[in-house]
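Here's my_file09.cif, which has mmCIF, C-alpha atoms:
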data_structure
#
loop_
_atom_site.label_atom_id
_atom_site.label_comp_id
_atom_site.auth_asym_id
_atom_site.auth_seq_id
_atom_site.Cartn_x
_atom_site.Cartn_y
_atom_site.Cartn_z
CA MET A 1 30.13 -10.69 -74.45
CA ILE A 2 29.16 -9.22 -71.10
CA PRO A 3 27.76 -11.74 -68.58
CA ILE A 4 24.28 -10.26 -67.96
CA GLU A 5 23.83 -12.37 -64.80
CA LYS A 6 26.97 -10.79 -63.35
CA LEU A 7 25.57 -7.29 -63.96
CA ASP A 8 22.26 -8.20 -62.35
CA GLN A 9 24.11 -9.60 -59.30
CA LEU A 10 26.17 -6.39 -58.93
CA ILE A 11 23.09 -4.16 -59.21
CA ALA A 12 21.20 -6.33 -56.69
CA ARG A 13 24.17 -6.16 -54.27
CA HIS A 14 24.37 -2.37 -54.70
CA GLU A 15 20.67 -2.05 -53.83
CA GLU A 16 21.10 -4.38 -50.84
CA LEU A 17 23.98 -2.24 -49.49
CA GLU A 18 21.94 0.92 -50.05
CA HIS A 19 19.10 -0.60 -48.01
CA LEU A 20 21.47 -1.69 -45.20
CA MET A 21 22.94 1.81 -44.93
CA ALA A 22 19.51 3.43 -44.94
CA GLU A 23 18.37 1.14 -42.09
CA GLY A 24 21.71 1.22 -40.28
CA THR A 25 20.28 0.48 -36.83
CA ASP A 26 21.85 -2.94 -36.16
CA LEU A 27 25.23 -2.19 -37.73
CA SER A 28 28.42 -1.74 -35.74
CA SER A 29 30.62 1.19 -36.77
CA ALA A 30 33.12 -1.25 -38.35
CA ASP A 31 30.34 -2.93 -40.37
CA PHE A 32 29.00 0.43 -41.50
CA VAL A 33 32.48 1.50 -42.69
CA ALA A 34 32.95 -1.80 -44.59
CA ILE A 35 29.49 -1.55 -46.20
CA SER A 36 30.03 2.12 -47.14
CA LYS A 37 33.38 1.24 -48.73
CA GLU A 38 31.88 -1.60 -50.79
CA TYR A 39 28.95 0.63 -51.79
CA SER A 40 31.23 3.45 -52.99
CA GLU A 41 33.40 0.96 -54.94
CA LEU A 42 30.30 -0.45 -56.66
CA ASN A 43 28.85 3.00 -57.49
CA PRO A 44 30.75 3.66 -60.77
CA VAL A 45 30.36 0.01 -61.89
CA VAL A 46 26.59 0.00 -61.31
CA LYS A 47 26.15 3.43 -62.92
CA THR A 48 27.92 2.26 -66.10
CA ALA A 49 26.13 -1.12 -66.01
CA ARG A 50 22.73 0.58 -65.83
CA THR A 51 23.62 2.91 -68.72
CA TYR A 52 24.71 -0.13 -70.75
CA GLN A 53 21.52 -2.07 -69.96
CA GLU A 54 19.35 0.96 -70.77
CA THR A 55 21.16 1.43 -74.10
CA VAL A 56 20.63 -2.26 -75.00
CA ARG A 57 16.91 -1.93 -74.18
CA GLU A 58 16.55 1.27 -76.21
CA ILE A 59 18.22 -0.35 -79.24
CA ALA A 60 15.86 -3.34 -78.98
CA ASP A 61 12.81 -1.01 -78.69
CA LEU A 62 13.87 1.05 -81.70
CA GLU A 63 14.50 -2.07 -83.80
CA ASP A 64 11.04 -3.38 -82.85
CA MET A 65 9.56 -0.01 -83.80
CA LEU A 66 11.24 -0.09 -87.22
CA ALA A 67 10.15 -3.70 -87.79
CA ASP A 68 6.52 -2.81 -87.09
CA ARG A 69 4.77 -1.69 -90.32
CA GLU A 70 2.18 0.24 -88.35
CA THR A 71 4.73 2.60 -86.73
CA ASP A 72 3.90 6.28 -87.23
CA PRO A 73 6.12 7.81 -90.03
CA GLU A 74 7.44 10.56 -87.74
CA MET A 75 8.33 8.03 -85.03
CA ARG A 76 9.99 5.85 -87.67
CA GLU A 77 12.08 8.80 -88.83
CA LEU A 78 13.17 9.56 -85.26
CA ALA A 79 14.02 5.89 -84.68
CA GLU A 80 16.10 5.78 -87.89
CA LEU A 81 18.08 8.79 -86.66
CA GLU A 82 18.55 7.58 -83.10
CA LEU A 83 19.39 3.90 -83.72
CA PRO A 84 22.83 4.44 -85.42
CA VAL A 85 23.85 6.84 -82.60
CA LEU A 86 23.04 4.25 -79.90
CA LYS A 87 24.68 1.41 -81.85
CA LYS A 88 27.85 3.50 -82.18
CA LYS A 89 27.82 4.22 -78.44
CA LEU A 90 27.27 0.57 -77.38
CA PRO A 91 30.77 -0.94 -78.04
CA GLU A 92 32.47 1.75 -75.92
CA LEU A 93 29.99 1.18 -73.09
CA GLU A 94 30.51 -2.58 -73.41
CA ARG A 95 34.30 -2.17 -73.13
CA GLU A 96 33.89 0.14 -70.13
CA VAL A 97 31.73 -2.43 -68.33
CA GLN A 98 34.11 -5.29 -69.21
CA LEU A 99 37.07 -3.34 -67.80
CA MET A 100 35.14 -2.74 -64.59
CA LEU A 101 34.33 -6.45 -64.34
CA LEU A 102 37.99 -7.52 -64.67
CA PRO A 103 39.33 -9.18 -61.50
CA LYS A 104 40.87 -6.52 -59.29
CA ASP A 105 44.42 -6.78 -57.97
CA VAL A 106 43.82 -6.64 -54.21
CA ASP A 107 47.16 -4.86 -53.74
CA ASP A 108 46.56 -2.05 -56.26
CA GLU A 109 45.48 0.54 -53.70
CA LYS A 110 48.45 -0.18 -51.40
CA SER A 111 51.58 1.90 -50.93
CA ALA A 112 54.82 0.28 -52.13
CA ILE A 113 58.36 -0.62 -51.15
CA LEU A 114 60.68 0.26 -54.03
CA GLU A 115 64.15 -1.33 -54.21
CA ILE A 116 66.76 -0.18 -56.74
CA ARG A 117 70.04 -2.06 -57.08
CA ALA A 118 73.03 -1.41 -59.32
CA GLY A 119 73.57 -4.37 -61.65
CA THR A 120 76.27 -5.05 -64.24
CA GLY A 121 78.43 -2.06 -65.11
CA GLY A 122 80.28 -1.06 -61.95
CA ASP A 123 80.30 2.67 -61.12
CA GLU A 124 78.19 3.50 -64.17
CA ALA A 125 75.47 1.07 -63.00
CA ALA A 126 75.46 2.73 -59.56
CA LEU A 127 75.15 6.18 -61.18
CA PHE A 128 72.23 4.89 -63.28
CA ALA A 129 70.60 3.50 -60.11
CA GLY A 130 70.86 7.07 -58.76
CA ASP A 131 69.21 8.42 -61.92
CA LEU A 132 66.32 5.95 -61.53
CA PHE A 133 66.00 6.94 -57.87
CA ARG A 134 65.59 10.62 -58.86
CA MET A 135 63.18 9.69 -61.69
CA TYR A 136 60.86 7.90 -59.26
CA GLN A 137 61.28 10.64 -56.68
CA ARG A 138 60.10 13.28 -59.18
CA TYR A 139 57.31 11.01 -60.43
CA ALA A 140 56.08 10.51 -56.85
CA GLN A 141 56.24 14.25 -56.24
CA ASN A 142 54.19 14.93 -59.41
CA ARG A 143 51.49 12.51 -58.22
CA GLY A 144 51.42 13.86 -54.66
CA TRP A 145 52.87 10.69 -53.08
CA SER A 146 55.31 10.69 -50.18
CA PHE A 147 58.79 9.32 -50.90
CA GLU A 148 60.91 8.20 -47.94
CA VAL A 149 64.33 6.52 -48.06
CA VAL A 150 64.30 3.47 -45.77
CA SER A 151 67.93 2.47 -46.33
CA ALA A 152 70.68 3.37 -48.78
CA SER A 153 74.16 2.20 -49.71
CA GLU A 154 75.81 4.96 -51.72
CA SER A 155 78.63 4.46 -54.22
CA ASP A 156 81.86 6.47 -54.27
CA GLN A 157 80.78 8.31 -57.45
CA GLY A 158 77.48 9.59 -56.00
CA GLY A 159 75.08 6.90 -57.15
CA PHE A 160 73.63 3.96 -55.24
CA LYS A 161 74.76 0.38 -54.88
CA GLU A 162 71.32 -0.21 -53.35
CA VAL A 163 68.49 1.99 -52.11
CA VAL A 164 65.16 1.04 -50.53
CA ILE A 165 62.28 3.54 -50.57
CA SER A 166 58.80 3.61 -49.07
CA VAL A 167 56.36 5.28 -51.51
CA SER A 168 53.04 6.11 -49.83
CA GLY A 169 49.77 7.24 -51.34
CA LYS A 170 46.57 6.04 -52.97
CA GLY A 171 47.06 3.55 -55.79
CA VAL A 172 50.87 3.62 -55.68
CA PHE A 173 51.33 -0.11 -56.29
CA ALA A 174 48.80 -0.10 -59.18
CA ARG A 175 51.12 2.12 -61.22
CA LEU A 176 54.60 1.27 -59.95
CA LYS A 177 54.22 -2.54 -60.13
CA TYR A 178 55.04 -2.46 -63.86
CA GLU A 179 58.50 -1.07 -63.03
CA SER A 180 59.84 -4.36 -61.61
CA GLY A 181 62.62 -5.79 -63.74
CA VAL A 182 65.99 -4.97 -65.29
CA HIS A 183 66.43 -1.41 -66.57
CA ARG A 184 69.30 -1.06 -69.06
CA VAL A 185 71.15 2.16 -69.90
CA GLN A 186 73.30 2.94 -72.94
CA ARG A 187 75.42 6.09 -72.71
CA VAL A 188 78.94 7.50 -72.74
CA PRO A 189 80.25 7.66 -69.14
CA GLU A 190 81.73 10.99 -68.01
CA THR A 191 84.94 9.11 -67.16
CA GLU A 192 85.23 7.64 -70.69
CA ALA A 193 87.84 9.61 -72.61
CA GLY A 194 87.28 7.78 -75.91
CA GLY A 195 83.58 8.62 -76.06
CA ARG A 196 82.52 4.96 -76.33
CA ILE A 197 78.96 3.98 -75.42
CA HIS A 198 78.77 1.70 -72.39
CA THR A 199 75.88 -0.54 -71.43
CA SER A 200 75.03 -1.10 -67.78
CA ALA A 201 71.95 -2.04 -65.81
CA ALA A 202 70.02 -1.62 -62.58
CA THR A 203 67.35 -3.86 -61.10
CA VAL A 204 64.09 -2.47 -59.75
CA ALA A 205 61.78 -4.42 -57.43
CA VAL A 206 58.37 -3.05 -56.45
CA MET A 207 56.47 -4.73 -53.62
CA PRO A 208 53.15 -3.85 -52.01
CA GLU A 209 53.66 -2.40 -48.55
CA VAL A 210 51.88 -4.65 -46.08
CA GLU A 211 50.68 -4.36 -42.50
CA ASP A 212 50.65 -6.96 -39.73
CA VAL A 213 47.08 -7.86 -40.70
CA ASP A 214 48.15 -8.72 -44.28
CA ILE A 215 50.74 -11.30 -43.29
CA ASP A 216 51.28 -13.30 -40.14
CA ILE A 217 54.94 -13.69 -39.16
CA LYS A 218 55.61 -15.82 -36.09
CA ASP A 219 58.35 -14.66 -33.73
CA SER A 220 59.62 -18.26 -33.65
CA ASP A 221 60.28 -18.03 -37.42
CA LEU A 222 62.66 -15.11 -36.98
CA ARG A 223 66.34 -15.05 -36.09
CA ILE A 224 67.44 -11.56 -35.06
CA ASP A 225 71.15 -10.70 -34.89
CA VAL A 226 72.52 -7.37 -33.73
CA PHE A 227 75.93 -6.02 -34.67
CA ARG A 228 77.91 -2.83 -34.77
CA ALA A 229 77.05 -0.54 -37.70
CA SER A 230 79.95 0.29 -39.96
CA GLY A 231 80.49 2.76 -42.77
CA ALA A 232 82.74 2.89 -45.82
CA GLY A 233 86.11 1.27 -45.30
CA GLY A 234 84.88 -0.56 -42.22
CA GLN A 235 84.92 2.50 -39.93
CA HIS A 236 82.56 2.20 -37.00
CA VAL A 237 79.65 4.59 -37.28
CA ASN A 238 78.87 4.11 -33.59
CA THR A 239 80.09 2.08 -30.67
CA THR A 240 76.85 0.24 -29.86
CA ASP A 241 75.29 -2.83 -31.44
CA SER A 242 72.57 -0.82 -33.21
CA ALA A 243 72.56 -2.60 -36.60
CA VAL A 244 70.02 -5.40 -37.05
CA ARG A 245 69.91 -8.46 -39.28
CA ILE A 246 66.62 -10.40 -39.41
CA THR A 247 66.39 -13.84 -41.02
CA HIS A 248 63.01 -15.37 -41.83
CA ILE A 249 63.88 -19.03 -41.28
CA PRO A 250 61.12 -20.70 -43.41
CA THR A 251 61.95 -18.70 -46.56
CA GLY A 252 65.60 -17.82 -45.93
CA ILE A 253 64.87 -14.12 -46.63
CA VAL A 254 67.40 -11.87 -44.87
CA VAL A 255 67.11 -8.12 -44.22
CA SER A 256 69.85 -5.98 -42.68
CA GLN A 257 69.32 -2.43 -41.47
CA GLN A 258 71.86 -0.03 -40.00
CA ASP A 259 70.88 3.47 -41.16
CA GLU A 260 69.44 4.52 -37.81
CA LYS A 261 71.44 5.00 -34.58
CA SER A 262 68.68 3.27 -32.63
CA GLN A 263 68.49 -0.54 -32.65
CA HIS A 264 64.71 -0.29 -32.15
CA LYS A 265 64.28 1.91 -35.26
CA ASN A 266 66.53 -0.35 -37.33
CA LYS A 267 64.50 -3.39 -36.26
CA ALA A 268 61.20 -1.67 -37.17
CA LYS A 269 62.53 -0.72 -40.62
CA ALA A 270 63.95 -4.20 -41.22
CA LEU A 271 60.61 -5.82 -40.28
CA LYS A 272 58.78 -3.47 -42.66
CA ILE A 273 61.00 -4.57 -45.58
CA LEU A 274 60.89 -8.22 -44.48
CA ARG A 275 57.07 -8.26 -44.43
CA ALA A 276 56.98 -6.78 -47.94
CA ARG A 277 59.51 -9.32 -49.29
CA ILE A 278 57.72 -12.33 -47.78
CA TYR A 279 54.35 -11.10 -49.07
CA ASP A 280 55.89 -10.39 -52.49
CA ALA A 281 57.43 -13.88 -52.70
CA GLU A 282 54.03 -15.45 -52.04
CA ARG A 283 52.41 -13.08 -54.55
CA ALA A 284 55.04 -14.01 -57.18
CA ARG A 285 54.33 -17.72 -56.59
CA ARG A 286 50.59 -17.18 -57.14
CA ASP A 287 51.23 -15.04 -60.22
CA ALA A 288 53.50 -17.72 -61.70
CA GLU A 289 50.79 -20.34 -61.25
CA ARG A 290 48.21 -18.11 -62.94
CA ALA A 291 50.63 -17.12 -65.72
CA ALA A 292 51.25 -20.76 -66.56
CA SER A 293 47.64 -21.01 -67.74
CA ARG A 294 47.67 -17.68 -69.60
CA LYS A 295 48.54 -17.27 -73.25
CA SER A 296 49.92 -13.78 -72.72
CA GLN A 297 50.62 -11.36 -69.92
CA VAL A 298 52.41 -8.07 -69.51
CA GLY A 299 55.48 -8.60 -67.34
CA SER A 300 55.13 -6.96 -63.96
CA GLY A 301 57.26 -8.77 -61.46
CA ASP A 302 60.00 -10.93 -62.92
CA ARG A 303 63.14 -9.14 -61.76
CA SER A 304 65.37 -11.01 -64.21
CA GLU A 305 63.36 -9.73 -67.18
CA ARG A 306 64.92 -6.87 -69.16
CA ILE A 307 61.99 -4.52 -69.40
CA ARG A 308 63.35 -1.18 -70.60
CA THR A 309 66.34 0.45 -72.32
CA TYR A 310 67.33 4.09 -71.83
CA ASN A 311 69.49 5.16 -74.79
CA PHE A 312 71.05 8.55 -74.02
CA PRO A 313 72.89 9.20 -77.35
CA GLN A 314 69.59 8.80 -79.25
CA GLY A 315 67.41 10.36 -76.52
CA ARG A 316 64.99 7.42 -76.52
CA VAL A 317 63.39 5.02 -74.06
CA THR A 318 62.12 1.63 -75.24
CA ASP A 319 59.83 -0.64 -73.23
CA HIS A 320 60.49 -4.14 -74.57
CA ARG A 321 57.31 -5.71 -73.18
CA ILE A 322 55.03 -3.70 -75.46
CA ASN A 323 57.59 -2.56 -78.09
CA LEU A 324 56.95 1.10 -77.29
CA THR A 325 59.67 3.69 -77.96
CA LEU A 326 59.44 7.30 -76.82
CA TYR A 327 61.93 9.93 -77.97
CA LYS A 328 61.43 11.75 -74.68
CA LEU A 329 64.32 10.52 -72.57
CA ASP A 330 64.79 13.80 -70.67
CA GLN A 331 61.06 14.04 -69.83
CA VAL A 332 60.98 10.38 -68.71
CA MET A 333 64.04 10.83 -66.46
CA ALA A 334 62.41 13.99 -65.05
CA GLY A 335 59.42 11.85 -64.05
CA GLU A 336 57.13 13.80 -66.39
CA ALA A 337 56.66 11.35 -69.30
CA LEU A 338 56.95 8.17 -67.21
CA ASP A 339 53.14 8.09 -67.03
CA GLU A 340 53.00 7.60 -70.82
CA LEU A 341 54.91 4.33 -70.48
CA ILE A 342 52.98 3.16 -67.41
CA SER A 343 49.57 4.02 -68.92
CA ALA A 344 50.47 2.12 -72.12
CA LEU A 345 51.46 -0.92 -70.02
CA ILE A 346 48.18 -0.78 -68.07
CA THR A 347 46.18 -0.54 -71.31
CA GLU A 348 48.06 -3.52 -72.79
CA ASP A 349 47.54 -5.54 -69.61
CA GLN A 350 43.82 -4.76 -69.62
CA ALA A 351 43.53 -5.73 -73.29
CA ALA A 352 45.25 -9.08 -72.61
CA LYS A 353 42.91 -9.79 -69.69
CA LEU A 354 39.83 -8.80 -71.74
CA ALA A 355 40.90 -11.13 -74.55
CA GLU A 356 41.36 -13.90 -72.00
CA MET A 357 37.94 -13.22 -70.45
CA ASN A 358 36.22 -13.28 -73.85
CA ASN A 359 37.85 -16.54 -75.01
#

Kindly transcribe the structure held in the file into structure tokens.
Amino acid sequence: MIPIEKLDQLIARHEELEHLMAEGTDLSSADFVAISKEYSELNPVVKTARTYQETVREIADLEDMLADRETDPEMRELAELELPVLKKKLPELEREVQLMLLPKDVDDEKSAILEIRAGTGGDEAALFAGDLFRMYQRYAQNRGWSFEVVSASESDQGGFKEVVISVSGKGVFARLKYESGVHRVQRVPETEAGGRIHTSAATVAVMPEVEDVDIDIKDSDLRIDVFRASGAGGQHVNTTDSAVRITHIPTGIVVSQQDEKSQHKNKAKALKILRARIYDAERARRDAERAASRKSQVGSGDRSERIRTYNFPQGRVTDHRINLTLYKLDQVMAGEALDELISALITEDQAAKLAEMNN
């Protein structure tokens, strides 16, 4: 059932904001921006809520009309035609309103830091990490997001031992957060003469990209070491101490960065990743506490959880969290059909939260 009081509160708040913007005289520019943002966010919710309330009232009026023996025959006939139509429309409106009333993930609109690491499987795992990198790159391109490599450690075969990417755009984290976990691949490696199928894995971590205002890191909590950047085989990339290693002492989180020739740029990149990891660790702790009281939840953060298998010989992708299999491996790897998996995960997550809200 929809909490009617909640709808009334939202509509009243919407009207209050409308009044404040219309007056506008005593508002600072920052206040006006904040109020405008809240007003625009409430707009679709209030519009749907009002349609729902109006439909409920119309159904009640029509039922009263049909219950009244003195109702005009023509009006009765119209009511008998209209009532089933409105009753059929009501459940969909109710679901729409319930979805809008679900608690929002405050990080959904943020950009994201995406980390891909080769797991078990040696060179084949690194090649698969490269495939995942290109899949997300194409997916980001299709959605109009920017995709920037922050740091990368390439393997000898052309894949990645580890790659960190900044994905920027509206609502990036809302869709990519379901990608965190272990991705498993089953295929015949190009180097395998016997044609045997090998299984290897890569780990994906997706963290909301945060600004200084989102998380307060004290300088006294950081240990910053500088060292000489080196490439494959230990060769020195340059002769200055441009590489940076930052340790966050309270959590023990360590980030190293050496892709740039400038120590200043390496430090800035390392701090960007560090902020995201600290924020993500705190977010994971909160999620774990909430999950302990939930009967069910769609996995979206446990990096040790095997979430998906990409089976190349059979051309299929299976998401184990929702038991969904698509025989569209090529389209998924091209970033085209990835939305089908993500949308199904979002729908399942919403259904679980609705069930929890209605219990």

What separation in Å, quoted to one decimal, exists between CA of Gly181 in chain A and CA of Thr318 in chain A? 13.7 Å

Counting all atoms listed in the file, find residues at most 12 Å from (45.6, 5.3, -51.5) (file frame) and give them as a list in words.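 Checked against the point, the hits come out as Asp107, Asp108, Glu109, Lys110, Ser111, Ala112, Arg143, Gly144, Trp145, Ser146, Val167, Ser168, Gly169, Lys170, Gly171, Val172, Phe173, Ala174, Arg175, Pro208 and Glu209 of chain A.
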
Convert the output of the PyMOL selection byres ((chain A and resi 245) around 12) on the shown file into explicit residues, formatted as a ChimeraX atom specification. /A:222-229,241-244,246-248,253-258,263,266-271,273-274

The PyMOL selection byres ((chain A and resi 82) around 12) on the file shown: which residues, as a PyMOL selection string? chain A and resi 55+58-63+65-66+75-81+83-89

Residue nearest Arg277 in chain A - candidates A:Ala351, A:Ile113, A:Leu93, A:Ala201, atoms counted: all atoms listed in the file: A:Ile113

I'd like the contact shell of Phe147 in chain A - 9 Å cut-off, all atoms listed in the file, skipping same-chain residues fewer than 2 positions apart - returned as a PyMOL selection string. chain A and resi 136-137+140-141+145+149+165-168

Go ahead and write the selection's residues with C-alpha atoms as a PDB file, in the coordinates of the input.
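Listed below is the output, result-v4.pdb:
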ATOM      1  CA  TYR A 136      60.860   7.900 -59.260  1.00  0.00           C
ATOM      2  CA  GLN A 137      61.280  10.640 -56.680  1.00  0.00           C
ATOM      3  CA  ALA A 140      56.080  10.510 -56.850  1.00  0.00           C
ATOM      4  CA  GLN A 141      56.240  14.250 -56.240  1.00  0.00           C
ATOM      5  CA  TRP A 145      52.870  10.690 -53.080  1.00  0.00           C
ATOM      6  CA  VAL A 149      64.330   6.520 -48.060  1.00  0.00           C
ATOM      7  CA  ILE A 165      62.280   3.540 -50.570  1.00  0.00           C
ATOM      8  CA  SER A 166      58.800   3.610 -49.070  1.00  0.00           C
ATOM      9  CA  VAL A 167      56.360   5.280 -51.510  1.00  0.00           C
ATOM     10  CA  SER A 168      53.040   6.110 -49.830  1.00  0.00           C
TER      11      SER A 168
END

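Coordinates place CA of Pro91 in chain A at a distance of 9.5 Å from CA of Tyr52 in chain A.
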
Residue neighbourhood range 40-47 of chain A, 7 Å, only C-alpha atoms, exclusion window fewer than 3 positions, as an NGL selection string: :A and (10-11 or 14 or 36-37 or 50-51 or 100)

So how far away is CA of Leu345 in chain A from CA of Leu176 in chain A, in Å?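 Atom-to-atom, CA of Leu176 in chain A and CA of Leu345 in chain A are spaced 10.8 Å apart.
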
Box along x, y and z, 8 Å on every side, all listed atoms of range 132-151 of chain A inside: centre and edge lengths in Å to one decimal, as AutoDock Vina command-line options.
--center_x 59.7 --center_y 8.7 --center_z -53.7 --size_x 32.5 --size_y 28.5 --size_z 31.9

Rank A:Val150, A:Ser200, A:Asp72, A:Gly159 by their smallest atom-to-atom distance to Glu260 in chain A, using only C-alpha atoms, and report the top residue only.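 Ranking A:Val150, A:Ser200, A:Asp72, A:Gly159 by distance to Glu260 in chain A, first place goes to A:Val150.
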
Within 12 Å of range 306-312 of chain A, which residues of range 90-156 of chain A come that close, and what is the closest atom pair and distance in Å for each? Count all atoms listed in the file and give it as a tab-separated table.
residue	atom	partner	partner_atom	distance
A:Gly119	CA	A:Arg306	CA	11.7
A:Phe128	CA	A:Tyr310	CA	9.9
A:Asp131	CA	A:Tyr310	CA	11.0
A:Leu132	CA	A:Tyr310	CA	10.5

Name the residues captured by the PyMOL selection byres ((chain A and resi 319) around 12) when it is applied to the shown file; answer as a VMD selection string. chain A and resid 178 to 179 181 to 184 298 to 299 305 to 311 316 to 318 320 to 327 332 338 340 to 342 344 to 345

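Distance check against Ala276 in chain A using only C-alpha atoms: of A:His264, A:Leu114, A:Asp259, A:Ala152, the minimum falls on A:Leu114.
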
Who sits within 12 Å of Lys6 in chain A, all atoms listed in the file, same chain under 6 positions skipped, as a PyMOL selection string: chain A and resi 12-13+45-46+49+97-98+100-102

Test item: which residues lie within 10 Å of (57.2, -16.4, -48.1) counting all atoms listed in the file, as a PDB file with C-alpha atoms, keeping the file's coordinate frame:
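part-v3.pdb, freshly written:
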ATOM      1  CA  ILE A 215      50.740 -11.300 -43.290  1.00  0.00           C
ATOM      2  CA  ILE A 217      54.940 -13.690 -39.160  1.00  0.00           C
ATOM      3  CA  HIS A 248      63.010 -15.370 -41.830  1.00  0.00           C
ATOM      4  CA  ILE A 249      63.880 -19.030 -41.280  1.00  0.00           C
ATOM      5  CA  PRO A 250      61.120 -20.700 -43.410  1.00  0.00           C
ATOM      6  CA  THR A 251      61.950 -18.700 -46.560  1.00  0.00           C
ATOM      7  CA  GLY A 252      65.600 -17.820 -45.930  1.00  0.00           C
ATOM      8  CA  ILE A 253      64.870 -14.120 -46.630  1.00  0.00           C
ATOM      9  CA  LEU A 274      60.890  -8.220 -44.480  1.00  0.00           C
ATOM     10  CA  ARG A 275      57.070  -8.260 -44.430  1.00  0.00           C
ATOM     11  CA  ALA A 276      56.980  -6.780 -47.940  1.00  0.00           C
ATOM     12  CA  ARG A 277      59.510  -9.320 -49.290  1.00  0.00           C
ATOM     13  CA  ILE A 278      57.720 -12.330 -47.780  1.00  0.00           C
ATOM     14  CA  TYR A 279      54.350 -11.100 -49.070  1.00  0.00           C
ATOM     15  CA  ASP A 280      55.890 -10.390 -52.490  1.00  0.00           C
ATOM     16  CA  ALA A 281      57.430 -13.880 -52.700  1.00  0.00           C
ATOM     17  CA  GLU A 282      54.030 -15.450 -52.040  1.00  0.00           C
ATOM     18  CA  ARG A 283      52.410 -13.080 -54.550  1.00  0.00           C
ATOM     19  CA  ALA A 284      55.040 -14.010 -57.180  1.00  0.00           C
ATOM     20  CA  ARG A 285      54.330 -17.720 -56.590  1.00  0.00           C
TER      21      ARG A 285
END

Some atoms are absent from range 33-44 of chain A, so rebuild N, CA, C and O atoms and return them as a tab-separated table (two decimals), in the coordinates of the input.
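The file below, selection-v6.tsv, is the result:
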chain	number	residue	atom	x	y	z
A	33	VAL	N	31.33	1.04	-41.88
A	33	VAL	CA	32.48	1.50	-42.69
A	33	VAL	C	32.73	0.54	-43.84
A	33	VAL	O	32.93	0.95	-45.00
A	34	ALA	N	32.70	-0.78	-43.56
A	34	ALA	CA	32.95	-1.80	-44.59
A	34	ALA	C	31.87	-1.75	-45.68
A	34	ALA	O	32.18	-1.82	-46.88
A	35	ILE	N	30.61	-1.61	-45.24
A	35	ILE	CA	29.49	-1.55	-46.20
A	35	ILE	C	29.58	-0.28	-47.05
A	35	ILE	O	29.38	-0.31	-48.27
A	36	SER	N	29.90	0.85	-46.41
A	36	SER	CA	30.03	2.12	-47.14
A	36	SER	C	31.13	2.04	-48.18
A	36	SER	O	30.99	2.56	-49.30
A	37	LYS	N	32.24	1.39	-47.82
A	37	LYS	CA	33.38	1.24	-48.73
A	37	LYS	C	32.98	0.41	-49.95
A	37	LYS	O	33.25	0.78	-51.09
A	38	GLU	N	32.32	-0.73	-49.68
A	38	GLU	CA	31.88	-1.60	-50.79
A	38	GLU	C	30.89	-0.87	-51.68
A	38	GLU	O	30.94	-0.97	-52.91
A	39	TYR	N	29.98	-0.12	-51.05
A	39	TYR	CA	28.95	0.63	-51.79
A	39	TYR	C	29.61	1.67	-52.72
A	39	TYR	O	29.25	1.78	-53.90
A	40	SER	N	30.58	2.41	-52.19
A	40	SER	CA	31.23	3.45	-52.99
A	40	SER	C	32.06	2.84	-54.12
A	40	SER	O	32.17	3.42	-55.21
A	41	GLU	N	32.64	1.65	-53.88
A	41	GLU	CA	33.40	0.96	-54.94
A	41	GLU	C	32.48	0.47	-56.05
A	41	GLU	O	32.86	0.44	-57.23
A	42	LEU	N	31.25	0.05	-55.67
A	42	LEU	CA	30.30	-0.45	-56.66
A	42	LEU	C	29.62	0.67	-57.44
A	42	LEU	O	29.12	0.44	-58.55
A	43	ASN	N	29.58	1.87	-56.87
A	43	ASN	CA	28.85	3.00	-57.49
A	43	ASN	C	29.17	3.20	-58.98
A	43	ASN	O	28.27	3.19	-59.80
A	44	PRO	N	30.46	3.41	-59.34
A	44	PRO	CA	30.75	3.66	-60.77
A	44	PRO	C	30.43	2.46	-61.65
A	44	PRO	O	30.00	2.62	-62.80
